[in-house]
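Peer 1: Got a structure for you, questions after.
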Amino acid sequence: ISFEDDSMVIEGGKGVKGAIVSSCNDHRIAMATAVAGLRANGNVTINDAQAVNKSYPNFWNDIKKLGARLQVTD
């Protein structure tokens, strides 16, 4: 994922690898990364994950229902 002016560019590849990602306090990035992380090969850490509260406060509860294993840290 990269940023160009006011655009976000996501380039495809051969699967999703675990990574540490900064949401930049953007709810869309946090949620998109979490969904991609469901199929990641390895752990995904999302910094500033609470950004989802802006548009979808129950997001983390709902994604758990899809089988995600979550660990919340401060």
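Ordering of the structure tokens sets the chain letters (A, B, ...), residue numbers begin anew at 1 in every chain, and ligands are numbered from 1 in the order given.
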Can you pull out every residue from region 5-42 of chain A that DSSP, working from the backbone, puts in alpha helix (DSSP H), and format the result as a list of chain:residue names?
Peer 2: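 The alpha helix (DSSP H) residues within region 5-42 of chain A come out as A:His27, A:Arg28, A:Ile29, A:Ala30, A:Met31, A:Ala32, A:Thr33, A:Ala34, A:Val35, A:Ala36, A:Gly37.
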Peer 1: Print the selection's residues with all heavy atoms to a file, as a tab-separated table (two decimals), in the first residue's frame.
Peer 2:
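This is the output file selection35.tsv:
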chain	number	residue	atom	x	y	z
A	27	HIS	N	-9.89	4.77	9.53
A	27	HIS	CA	-10.76	3.62	9.73
A	27	HIS	C	-10.79	2.70	8.52
A	27	HIS	O	-10.88	1.49	8.64
A	27	HIS	CB	-12.17	4.06	10.14
A	27	HIS	CG	-12.83	4.97	9.15
A	27	HIS	ND1	-14.01	4.67	8.53
A	27	HIS	CD2	-12.47	6.20	8.67
A	27	HIS	CE1	-14.36	5.65	7.72
A	27	HIS	NE2	-13.43	6.59	7.79
A	28	ARG	N	-10.70	3.26	7.34
A	28	ARG	CA	-10.76	2.44	6.11
A	28	ARG	C	-9.53	1.56	5.98
A	28	ARG	O	-9.63	0.39	5.62
A	28	ARG	CB	-10.90	3.35	4.89
A	28	ARG	CG	-12.20	4.17	4.94
A	28	ARG	CD	-12.13	5.34	4.03
A	28	ARG	NE	-11.10	6.28	4.50
A	28	ARG	CZ	-10.89	7.48	3.99
A	28	ARG	NH1	-11.60	7.89	2.97
A	28	ARG	NH2	-9.95	8.27	4.48
A	29	ILE	N	-8.37	2.11	6.30
A	29	ILE	CA	-7.14	1.32	6.23
A	29	ILE	C	-7.16	0.22	7.28
A	29	ILE	O	-6.79	-0.92	7.01
A	29	ILE	CB	-5.90	2.22	6.39
A	29	ILE	CG1	-5.78	3.17	5.19
A	29	ILE	CG2	-4.63	1.38	6.54
A	29	ILE	CD1	-4.71	4.22	5.33
A	30	ALA	N	-7.60	0.57	8.48
A	30	ALA	CA	-7.65	-0.44	9.57
A	30	ALA	C	-8.56	-1.60	9.19
A	30	ALA	O	-8.19	-2.76	9.36
A	30	ALA	CB	-8.12	0.22	10.87
A	31	MET	N	-9.73	-1.30	8.65
A	31	MET	CA	-10.67	-2.37	8.30
A	31	MET	C	-10.19	-3.18	7.09
A	31	MET	O	-10.28	-4.41	7.09
A	31	MET	CB	-12.06	-1.80	8.06
A	31	MET	CG	-12.72	-1.34	9.35
A	31	MET	SD	-14.44	-0.83	9.15
A	31	MET	CE	-14.21	0.81	8.48
A	32	ALA	N	-9.68	-2.52	6.08
A	32	ALA	CA	-9.20	-3.23	4.89
A	32	ALA	C	-8.03	-4.15	5.25
A	32	ALA	O	-7.96	-5.30	4.78
A	32	ALA	CB	-8.79	-2.24	3.81
A	33	THR	N	-7.14	-3.66	6.09
A	33	THR	CA	-6.00	-4.46	6.51
A	33	THR	C	-6.46	-5.66	7.34
A	33	THR	O	-5.94	-6.77	7.19
A	33	THR	CB	-5.01	-3.60	7.32
A	33	THR	OG1	-4.59	-2.49	6.51
A	33	THR	CG2	-3.80	-4.39	7.73
A	34	ALA	N	-7.44	-5.46	8.18
A	34	ALA	CA	-7.96	-6.56	9.00
A	34	ALA	C	-8.58	-7.64	8.14
A	34	ALA	O	-8.36	-8.84	8.36
A	34	ALA	CB	-8.98	-6.03	10.01
A	35	VAL	N	-9.34	-7.25	7.15
A	35	VAL	CA	-9.97	-8.24	6.26
A	35	VAL	C	-8.90	-8.99	5.47
A	35	VAL	O	-8.94	-10.21	5.36
A	35	VAL	CB	-11.00	-7.56	5.33
A	35	VAL	CG1	-11.50	-8.53	4.27
A	35	VAL	CG2	-12.17	-7.03	6.16
A	36	ALA	N	-7.92	-8.28	4.94
A	36	ALA	CA	-6.82	-8.94	4.22
A	36	ALA	C	-6.07	-9.87	5.17
A	36	ALA	O	-5.65	-10.96	4.77
A	36	ALA	CB	-5.88	-7.90	3.64
A	37	GLY	N	-5.94	-9.46	6.41
A	37	GLY	CA	-5.23	-10.26	7.40
A	37	GLY	C	-5.89	-11.59	7.71
A	37	GLY	O	-5.24	-12.51	8.21
Peer 1: For Ala40 (chain A), please output as a PyMOL selection string all residues within 6 Å (counting only C-alpha atoms; exclusion window: fewer than 3 positions along the same chain).
Peer 2: chain A and resi 16-18+37
Peer 1: Tell me which protein, DNA and RNA residues are within 8 Å of Thr45 (chain A), counting only C-alpha atoms, leaving out same-chain ones fewer than 5 positions away, and put them as a PyMOL selection string.
Peer 2: chain A and resi 18-21
